[in-house]
Each structure stands twice: as structure tokens, then as C-alpha cells.
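Shown here: entry15.txt, compact mmCIF, N, CA and C atoms.
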# COMPACT_ATOMS: atom_id res chain seq x y z
N MET A 539 4.04 34.04 24.10
CA MET A 539 3.91 32.60 24.15
C MET A 539 4.14 32.08 25.56
N ILE A 540 5.14 32.61 26.25
CA ILE A 540 5.43 32.15 27.61
C ILE A 540 4.28 32.50 28.55
N ASN A 541 3.69 33.70 28.37
CA ASN A 541 2.54 34.08 29.20
C ASN A 541 1.39 33.11 29.01
N GLU A 542 1.13 32.70 27.75
CA GLU A 542 0.05 31.76 27.48
C GLU A 542 0.31 30.42 28.16
N VAL A 543 1.53 29.93 28.05
CA VAL A 543 1.88 28.64 28.67
C VAL A 543 1.76 28.73 30.18
N MET A 544 2.23 29.82 30.77
CA MET A 544 2.12 29.98 32.22
C MET A 544 0.67 30.07 32.65
N HIS A 545 -0.16 30.78 31.86
CA HIS A 545 -1.57 30.95 32.21
C HIS A 545 -2.31 29.62 32.16
N VAL A 546 -2.01 28.79 31.17
CA VAL A 546 -2.68 27.50 31.00
C VAL A 546 -2.44 26.61 32.22
N ALA A 547 -1.33 26.81 32.89
CA ALA A 547 -1.02 25.99 34.08
C ALA A 547 -1.97 26.26 35.23
N PHE A 548 -2.68 27.41 35.20
CA PHE A 548 -3.55 27.79 36.32
C PHE A 548 -5.03 27.69 36.02
N VAL A 549 -5.40 27.11 34.88
CA VAL A 549 -6.80 26.86 34.57
C VAL A 549 -6.95 25.44 34.08
N SER A 550 -8.10 24.85 34.38
CA SER A 550 -8.37 23.50 33.91
C SER A 550 -8.81 23.56 32.46
N GLN A 551 -8.29 22.66 31.64
CA GLN A 551 -8.64 22.61 30.22
C GLN A 551 -9.92 21.80 29.98
N ILE A 552 -10.38 21.09 31.00
CA ILE A 552 -11.54 20.21 30.87
C ILE A 552 -12.73 20.82 31.60
N GLU A 553 -13.88 20.85 30.93
CA GLU A 553 -15.13 21.29 31.55
C GLU A 553 -15.80 20.05 32.14
N PRO A 554 -15.89 19.97 33.47
CA PRO A 554 -16.46 18.77 34.07
C PRO A 554 -17.96 18.64 33.81
N LYS A 555 -18.40 17.42 33.62
CA LYS A 555 -19.83 17.15 33.39
C LYS A 555 -20.58 17.00 34.71
N LYS A 556 -19.87 16.57 35.75
CA LYS A 556 -20.50 16.34 37.06
C LYS A 556 -19.69 17.05 38.14
N ILE A 557 -20.37 17.40 39.22
CA ILE A 557 -19.71 18.09 40.32
C ILE A 557 -18.62 17.22 40.94
N ASP A 558 -18.83 15.90 40.94
CA ASP A 558 -17.81 15.00 41.50
C ASP A 558 -16.49 15.13 40.75
N ASP A 559 -16.57 15.32 39.42
CA ASP A 559 -15.35 15.50 38.63
C ASP A 559 -14.68 16.83 38.96
N ALA A 560 -15.48 17.87 39.15
CA ALA A 560 -14.94 19.20 39.46
C ALA A 560 -14.22 19.20 40.81
N LEU A 561 -14.76 18.44 41.75
CA LEU A 561 -14.18 18.42 43.10
C LEU A 561 -12.84 17.70 43.15
N LEU A 562 -12.46 17.06 42.07
CA LEU A 562 -11.15 16.41 41.99
C LEU A 562 -10.09 17.33 41.40
N ASP A 563 -10.48 18.51 40.96
CA ASP A 563 -9.58 19.44 40.28
C ASP A 563 -9.48 20.74 41.09
N SER A 564 -8.29 21.06 41.54
CA SER A 564 -8.10 22.25 42.40
C SER A 564 -8.48 23.55 41.69
N ASN A 565 -8.34 23.60 40.35
CA ASN A 565 -8.71 24.82 39.62
C ASN A 565 -10.22 25.06 39.67
N TRP A 566 -11.00 23.99 39.57
CA TRP A 566 -12.45 24.15 39.65
C TRP A 566 -12.90 24.43 41.08
N ILE A 567 -12.22 23.85 42.05
CA ILE A 567 -12.53 24.15 43.45
C ILE A 567 -12.30 25.63 43.71
N GLU A 568 -11.21 26.15 43.17
CA GLU A 568 -10.91 27.58 43.33
C GLU A 568 -11.97 28.45 42.67
N ALA A 569 -12.45 28.05 41.49
CA ALA A 569 -13.50 28.80 40.80
C ALA A 569 -14.80 28.80 41.61
N MET A 570 -15.14 27.64 42.19
CA MET A 570 -16.36 27.56 43.01
C MET A 570 -16.21 28.39 44.27
N GLN A 571 -15.03 28.36 44.88
CA GLN A 571 -14.80 29.15 46.09
C GLN A 571 -14.91 30.64 45.79
N GLU A 572 -14.43 31.06 44.62
CA GLU A 572 -14.53 32.47 44.23
C GLU A 572 -16.00 32.90 44.09
N GLU A 573 -16.85 32.01 43.55
CA GLU A 573 -18.28 32.32 43.44
C GLU A 573 -18.89 32.48 44.84
N LEU A 574 -18.55 31.59 45.75
CA LEU A 574 -19.08 31.70 47.12
C LEU A 574 -18.54 32.95 47.83
N ASN A 575 -17.28 33.29 47.58
CA ASN A 575 -16.71 34.52 48.16
C ASN A 575 -17.43 35.75 47.63
N GLN A 576 -17.81 35.71 46.35
CA GLN A 576 -18.54 36.85 45.77
C GLN A 576 -19.90 37.01 46.45
N PHE A 577 -20.57 35.90 46.75
CA PHE A 577 -21.83 35.98 47.49
C PHE A 577 -21.60 36.63 48.85
N GLU A 578 -20.52 36.25 49.51
CA GLU A 578 -20.18 36.79 50.83
C GLU A 578 -19.92 38.30 50.75
N ARG A 579 -19.10 38.71 49.75
CA ARG A 579 -18.78 40.14 49.58
C ARG A 579 -20.02 40.96 49.26
N SER A 580 -20.91 40.39 48.45
CA SER A 580 -22.12 41.12 48.04
C SER A 580 -23.22 41.07 49.08
N LYS A 581 -23.05 40.23 50.09
CA LYS A 581 -24.04 40.07 51.16
C LYS A 581 -25.42 39.71 50.57
N VAL A 582 -25.44 38.78 49.60
CA VAL A 582 -26.70 38.41 48.97
C VAL A 582 -27.39 37.23 49.64
N TRP A 583 -26.72 36.59 50.57
CA TRP A 583 -27.37 35.48 51.26
C TRP A 583 -26.72 35.24 52.61
N HIS A 584 -27.44 34.52 53.44
CA HIS A 584 -26.86 34.03 54.68
C HIS A 584 -27.51 32.68 54.98
N LEU A 585 -26.75 31.82 55.60
CA LEU A 585 -27.24 30.48 55.90
C LEU A 585 -28.15 30.51 57.12
N VAL A 586 -29.26 29.81 57.03
CA VAL A 586 -30.21 29.71 58.13
C VAL A 586 -30.58 28.25 58.31
N PRO A 587 -31.08 27.88 59.48
CA PRO A 587 -31.56 26.50 59.65
C PRO A 587 -32.72 26.23 58.69
N ARG A 588 -32.81 25.02 58.19
CA ARG A 588 -33.88 24.66 57.27
C ARG A 588 -35.21 24.62 58.02
N PRO A 589 -36.19 25.43 57.57
CA PRO A 589 -37.49 25.43 58.24
C PRO A 589 -38.25 24.12 57.97
N ASN A 590 -39.08 23.73 58.92
CA ASN A 590 -39.90 22.54 58.75
C ASN A 590 -41.03 22.81 57.77
N ASN A 591 -41.49 21.79 57.09
CA ASN A 591 -42.65 21.85 56.20
C ASN A 591 -42.56 22.94 55.14
N THR A 592 -41.37 23.12 54.55
CA THR A 592 -41.23 24.10 53.47
C THR A 592 -40.61 23.41 52.27
N HIS A 593 -40.93 23.95 51.11
CA HIS A 593 -40.37 23.46 49.85
C HIS A 593 -39.05 24.21 49.62
N VAL A 594 -37.95 23.50 49.63
CA VAL A 594 -36.65 24.13 49.46
C VAL A 594 -36.21 23.97 48.01
N ILE A 595 -35.85 25.08 47.39
CA ILE A 595 -35.37 25.05 46.01
C ILE A 595 -33.90 24.62 46.05
N GLY A 596 -33.58 23.62 45.26
CA GLY A 596 -32.21 23.12 45.23
C GLY A 596 -31.29 24.02 44.42
N THR A 597 -30.02 23.75 44.50
CA THR A 597 -29.03 24.49 43.72
C THR A 597 -28.15 23.48 42.98
N ARG A 598 -27.47 23.99 41.97
CA ARG A 598 -26.49 23.16 41.27
C ARG A 598 -25.41 24.07 40.70
N TRP A 599 -24.26 23.50 40.43
CA TRP A 599 -23.15 24.24 39.87
C TRP A 599 -23.18 24.16 38.35
N VAL A 600 -23.00 25.31 37.70
CA VAL A 600 -22.79 25.37 36.25
C VAL A 600 -21.33 25.72 36.05
N LEU A 601 -20.59 24.84 35.38
CA LEU A 601 -19.14 24.98 35.24
C LEU A 601 -18.79 25.16 33.76
N ARG A 602 -18.15 26.28 33.43
CA ARG A 602 -17.81 26.58 32.04
C ARG A 602 -16.39 27.12 31.94
N ASN A 603 -15.73 26.79 30.83
CA ASN A 603 -14.45 27.38 30.50
C ASN A 603 -14.71 28.64 29.68
N LYS A 604 -14.12 29.75 30.08
CA LYS A 604 -14.23 31.01 29.34
C LYS A 604 -13.00 31.14 28.46
N MET A 605 -13.21 31.52 27.18
CA MET A 605 -12.11 31.60 26.22
C MET A 605 -11.92 33.02 25.73
N ASP A 606 -10.71 33.29 25.25
CA ASP A 606 -10.45 34.59 24.62
C ASP A 606 -10.77 34.49 23.13
N GLU A 607 -10.49 35.56 22.39
CA GLU A 607 -10.84 35.59 20.96
C GLU A 607 -10.07 34.56 20.14
N ASN A 608 -8.96 34.05 20.67
CA ASN A 608 -8.17 33.04 19.96
C ASN A 608 -8.57 31.61 20.33
N GLY A 609 -9.57 31.47 21.19
CA GLY A 609 -10.00 30.14 21.60
C GLY A 609 -9.18 29.55 22.74
N LEU A 610 -8.31 30.35 23.34
CA LEU A 610 -7.50 29.90 24.47
C LEU A 610 -8.32 30.02 25.75
N ILE A 611 -8.35 28.97 26.53
CA ILE A 611 -9.10 29.01 27.80
C ILE A 611 -8.38 29.94 28.76
N ILE A 612 -9.09 30.97 29.20
CA ILE A 612 -8.47 31.96 30.07
C ILE A 612 -8.99 31.90 31.51
N ARG A 613 -10.13 31.20 31.71
CA ARG A 613 -10.71 31.20 33.04
C ARG A 613 -11.68 30.05 33.21
N ASN A 614 -11.70 29.49 34.39
CA ASN A 614 -12.73 28.52 34.76
C ASN A 614 -13.79 29.29 35.53
N LYS A 615 -15.02 29.26 35.05
CA LYS A 615 -16.10 30.02 35.66
C LYS A 615 -17.12 29.07 36.26
N ALA A 616 -17.37 29.24 37.56
CA ALA A 616 -18.36 28.42 38.26
C ALA A 616 -19.49 29.33 38.73
N ARG A 617 -20.72 28.91 38.46
CA ARG A 617 -21.90 29.65 38.91
C ARG A 617 -22.77 28.70 39.72
N LEU A 618 -23.23 29.17 40.87
CA LEU A 618 -24.17 28.41 41.68
C LEU A 618 -25.56 28.94 41.35
N VAL A 619 -26.42 28.09 40.79
CA VAL A 619 -27.72 28.53 40.32
C VAL A 619 -28.83 27.74 40.99
N ALA A 620 -30.01 28.34 41.06
CA ALA A 620 -31.19 27.66 41.60
C ALA A 620 -31.71 26.69 40.56
N GLN A 621 -32.22 25.56 41.01
CA GLN A 621 -32.81 24.57 40.11
C GLN A 621 -34.27 24.94 39.88
N GLY A 622 -34.52 25.72 38.85
CA GLY A 622 -35.86 26.20 38.58
C GLY A 622 -36.81 25.14 38.10
N TYR A 623 -36.28 24.00 37.68
CA TYR A 623 -37.14 22.94 37.16
C TYR A 623 -37.64 22.02 38.25
N ARG A 624 -37.48 22.39 39.48
CA ARG A 624 -37.89 21.54 40.60
C ARG A 624 -39.29 21.91 41.10
N GLN A 625 -40.14 22.40 40.23
CA GLN A 625 -41.48 22.79 40.62
C GLN A 625 -42.33 21.55 40.86
N GLU A 626 -43.31 21.68 41.74
CA GLU A 626 -44.21 20.57 42.04
C GLU A 626 -45.64 20.97 41.72
N GLU A 627 -46.35 20.08 41.04
CA GLU A 627 -47.73 20.35 40.68
C GLU A 627 -48.56 20.57 41.94
N GLY A 628 -49.38 21.61 41.93
CA GLY A 628 -50.21 21.93 43.09
C GLY A 628 -49.54 22.88 44.06
N ILE A 629 -48.24 23.05 43.96
CA ILE A 629 -47.53 23.96 44.87
C ILE A 629 -47.07 25.19 44.09
N ASP A 630 -46.18 24.99 43.13
CA ASP A 630 -45.67 26.13 42.36
C ASP A 630 -45.64 25.81 40.87
N PHE A 631 -46.53 24.92 40.44
CA PHE A 631 -46.52 24.45 39.07
C PHE A 631 -47.11 25.46 38.09
N ASP A 632 -47.93 26.40 38.60
CA ASP A 632 -48.55 27.38 37.71
C ASP A 632 -47.60 28.50 37.32
N GLU A 633 -46.43 28.54 37.93
CA GLU A 633 -45.45 29.56 37.60
C GLU A 633 -44.42 28.97 36.65
N SER A 634 -43.99 29.77 35.69
CA SER A 634 -42.94 29.31 34.79
C SER A 634 -41.89 30.41 34.68
N PHE A 635 -40.68 30.01 34.39
CA PHE A 635 -39.57 30.94 34.35
C PHE A 635 -38.82 30.77 33.03
N ALA A 636 -38.76 31.81 32.23
CA ALA A 636 -38.03 31.77 30.96
C ALA A 636 -37.11 32.98 30.92
N PRO A 637 -35.83 32.81 31.19
CA PRO A 637 -34.92 33.94 31.27
C PRO A 637 -34.66 34.63 29.93
N VAL A 638 -34.85 33.94 28.81
CA VAL A 638 -34.52 34.51 27.52
C VAL A 638 -35.63 34.21 26.52
N ALA A 639 -36.05 35.23 25.78
CA ALA A 639 -37.02 35.03 24.70
C ALA A 639 -36.25 34.83 23.40
N ARG A 640 -36.71 33.91 22.58
CA ARG A 640 -36.07 33.68 21.29
C ARG A 640 -36.36 34.85 20.37
N LEU A 641 -35.39 35.19 19.54
CA LEU A 641 -35.52 36.33 18.63
C LEU A 641 -36.71 36.15 17.69
N GLU A 642 -36.96 34.92 17.24
CA GLU A 642 -38.10 34.67 16.35
C GLU A 642 -39.41 35.00 17.05
N ALA A 643 -39.51 34.66 18.34
CA ALA A 643 -40.73 34.94 19.10
C ALA A 643 -40.95 36.44 19.24
N ILE A 644 -39.89 37.19 19.44
CA ILE A 644 -40.00 38.65 19.56
C ILE A 644 -40.46 39.25 18.23
N ARG A 645 -39.89 38.77 17.13
CA ARG A 645 -40.27 39.27 15.80
C ARG A 645 -41.75 38.99 15.51
N ILE A 646 -42.20 37.80 15.81
CA ILE A 646 -43.60 37.44 15.59
C ILE A 646 -44.51 38.33 16.44
N PHE A 647 -44.13 38.50 17.71
CA PHE A 647 -44.92 39.35 18.60
C PHE A 647 -45.01 40.78 18.08
N LEU A 648 -43.89 41.36 17.69
CA LEU A 648 -43.88 42.75 17.20
C LEU A 648 -44.65 42.89 15.89
N THR A 649 -44.55 41.89 15.01
CA THR A 649 -45.31 41.92 13.75
C THR A 649 -46.81 41.90 14.04
N PHE A 650 -47.23 41.02 14.93
CA PHE A 650 -48.64 40.93 15.30
C PHE A 650 -49.12 42.22 15.96
N ALA A 651 -48.28 42.77 16.86
CA ALA A 651 -48.65 44.02 17.54
C ALA A 651 -48.80 45.17 16.54
N ALA A 652 -47.90 45.22 15.55
CA ALA A 652 -48.00 46.27 14.54
C ALA A 652 -49.25 46.08 13.68
N PHE A 653 -49.55 44.84 13.32
CA PHE A 653 -50.73 44.53 12.51
C PHE A 653 -52.01 44.94 13.24
N LYS A 654 -52.08 44.68 14.55
CA LYS A 654 -53.27 44.99 15.34
C LYS A 654 -53.24 46.41 15.92
N ASP A 655 -52.15 47.15 15.62
CA ASP A 655 -51.97 48.53 16.10
C ASP A 655 -51.98 48.59 17.63
N PHE A 656 -51.31 47.61 18.26
CA PHE A 656 -51.17 47.59 19.72
C PHE A 656 -50.04 48.52 20.15
N LYS A 657 -50.14 49.06 21.36
CA LYS A 657 -49.02 49.75 21.97
C LYS A 657 -48.15 48.71 22.66
N VAL A 658 -46.85 48.81 22.49
CA VAL A 658 -45.92 47.86 23.11
C VAL A 658 -44.99 48.64 24.01
N TYR A 659 -44.86 48.20 25.25
CA TYR A 659 -43.98 48.85 26.21
C TYR A 659 -42.81 47.93 26.54
N GLN A 660 -41.65 48.53 26.75
CA GLN A 660 -40.47 47.77 27.13
C GLN A 660 -40.24 47.93 28.63
N MET A 661 -39.92 46.83 29.31
CA MET A 661 -39.63 46.87 30.74
C MET A 661 -38.30 46.18 31.00
N ASN A 662 -37.63 46.60 32.03
CA ASN A 662 -36.42 45.91 32.46
C ASN A 662 -36.84 44.85 33.47
N VAL A 663 -37.16 43.68 32.98
CA VAL A 663 -37.69 42.61 33.83
C VAL A 663 -36.62 42.11 34.79
N LYS A 664 -35.36 42.13 34.37
CA LYS A 664 -34.29 41.63 35.23
C LYS A 664 -34.23 42.41 36.54
N SER A 665 -34.27 43.74 36.46
CA SER A 665 -34.18 44.52 37.69
C SER A 665 -35.45 44.40 38.52
N VAL A 666 -36.59 44.25 37.86
CA VAL A 666 -37.84 44.05 38.60
C VAL A 666 -37.77 42.74 39.35
N PHE A 667 -37.29 41.70 38.68
CA PHE A 667 -37.17 40.38 39.32
C PHE A 667 -36.19 40.42 40.49
N LEU A 668 -35.04 41.06 40.28
CA LEU A 668 -34.01 41.08 41.32
C LEU A 668 -34.37 41.99 42.49
N ASN A 669 -35.13 43.04 42.23
CA ASN A 669 -35.42 44.02 43.28
C ASN A 669 -36.88 44.03 43.72
N GLY A 670 -37.69 43.16 43.14
CA GLY A 670 -39.11 43.13 43.48
C GLY A 670 -39.37 42.54 44.85
N LEU A 671 -40.54 42.84 45.40
CA LEU A 671 -40.94 42.31 46.70
C LEU A 671 -41.57 40.94 46.51
N LEU A 672 -41.27 40.02 47.42
CA LEU A 672 -41.84 38.69 47.37
C LEU A 672 -42.99 38.58 48.35
N ASN A 673 -44.05 37.89 47.95
CA ASN A 673 -45.18 37.64 48.84
C ASN A 673 -45.06 36.33 49.58
N GLU A 674 -44.00 35.59 49.30
CA GLU A 674 -43.82 34.29 49.92
C GLU A 674 -42.36 34.12 50.32
N GLU A 675 -42.13 33.19 51.23
CA GLU A 675 -40.78 32.90 51.68
C GLU A 675 -40.12 31.96 50.69
N VAL A 676 -38.87 32.23 50.32
CA VAL A 676 -38.14 31.38 49.38
C VAL A 676 -36.86 30.89 50.07
N HIS A 677 -36.62 29.59 49.99
CA HIS A 677 -35.42 29.00 50.58
C HIS A 677 -34.63 28.36 49.46
N VAL A 678 -33.46 28.91 49.25
CA VAL A 678 -32.66 28.40 48.14
C VAL A 678 -31.55 27.58 48.67

Represent the structure contained in this file as C-alpha cells.
Amino acid sequence: MINEVMHVAFVSQIEPKKIDDALLDSNWIEAMQEELNQFERSKVWHLVPRPNNTHVIGTRWVLRNKMDENGLIIRNKARLVAQGYRQEEGIDFDESFAPVARLEAIRIFLTFAAFKDFKVYQMNVKSVFLNGLLNEEVHV
């Protein structure tokens, strides 16, 4: 019980709806700083001057409370993500991004494939996406 009470003192119990609210809470600031430190440790990005005449993809913070099996908040988790919905018609509007397929869609697809006697192959799209070569410059 004492461990739980002590732990609660170091995490925010409220999930902020806006970044302005998160910036008023030192626990959320610490969670965001940890995400940025992880980027630094992983060497996944470096800051560069903004190029002229380029479409820059924006970012936003996703802030969530992580809970244990008893429903106790154990961690404030902050993720910095690209704003994929910032596409512009005529520039990148023909591309769409869907990170997760619904289970119903997969079942329908497999049923149809079995009915038509199609061969179905499985690919690890996540690793292809993360490790694939880009034909264009991306500024996040």
C-alpha cells in the first residue's frame, strides 16, 4: 500500500487534452523529455534548418496514462507523432496511411481469397516501412 501511495506521487492522474495543459504539469514534462531523450539515444533524428519551398509534416504529442492490471496509473507516456492527416490535394493526397486493419476486414479478405482460390502472402509491413528507402525528402 505504501509503495502504491509513493508511486502515485510521481505520476499525473490526469490525461491532458491539450499540450498547454501538459506543459503545466511537471510529470508530463518529464514524460515528454524522456521521449525526446529516447530519440537522442536512438539517433533517429537530428534538427536541420527548414528548407525553403518544402511541405513540412507537423508533429503532435499523444499523452496517455498507462495502468497496471488493477487499474492503478503506473506511468505517464508521451509520444511525439507525425500528423499524417496533413496531406494536401495535388501534393501527397493520393497516398493514404492506415496503421491497423480491422479484424472484420481481414476476415472478409481471407474468405474472399479462399472462395476465389487466391494465394495470400504475409509481409511484415512495419519493418518495410521503417527500413525502406524513400524516393523523396521528408521533413518531420

d(atom CA of A:Val600, atom CA of A:Leu618) in Å: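 Taking atom CA of A:Val600 and atom CA of A:Leu618, their separation equals 6.4 Å.
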
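The shell of residues at most 8 Å from A:Leu601, with only N, CA and C atoms counted and near chain neighbours (fewer than 4 positions) removed, consists of A:Ile552, A:Glu553, A:Pro554, A:Lys555, A:Asn614, A:Lys615, A:Ala616, A:Arg617, A:Leu618.
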
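Straight-line separation from atom CA of A:Leu561 to atom CA of A:Thr592: 29.5 Å.
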
Residues near A:Trp566, cut-off 8 Å, all atoms listed in the file, skip fewer than 3 positions along chain, as a PyMOL selection string: chain A and resi 548-550+559-563+569-572+614-616

Atomic distance atom N of A:Leu574 - atom C of A:Arg598, expressed in Å with one decimal: 11.4 Å

Pick from A:Val678, A:Asp558, A:Gly596, A:Pro587, whichever lies nearest to A:Gln621 using only N, CA and C atoms: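 Looking at the shortest contact to A:Gln621, the residue is A:Gly596.
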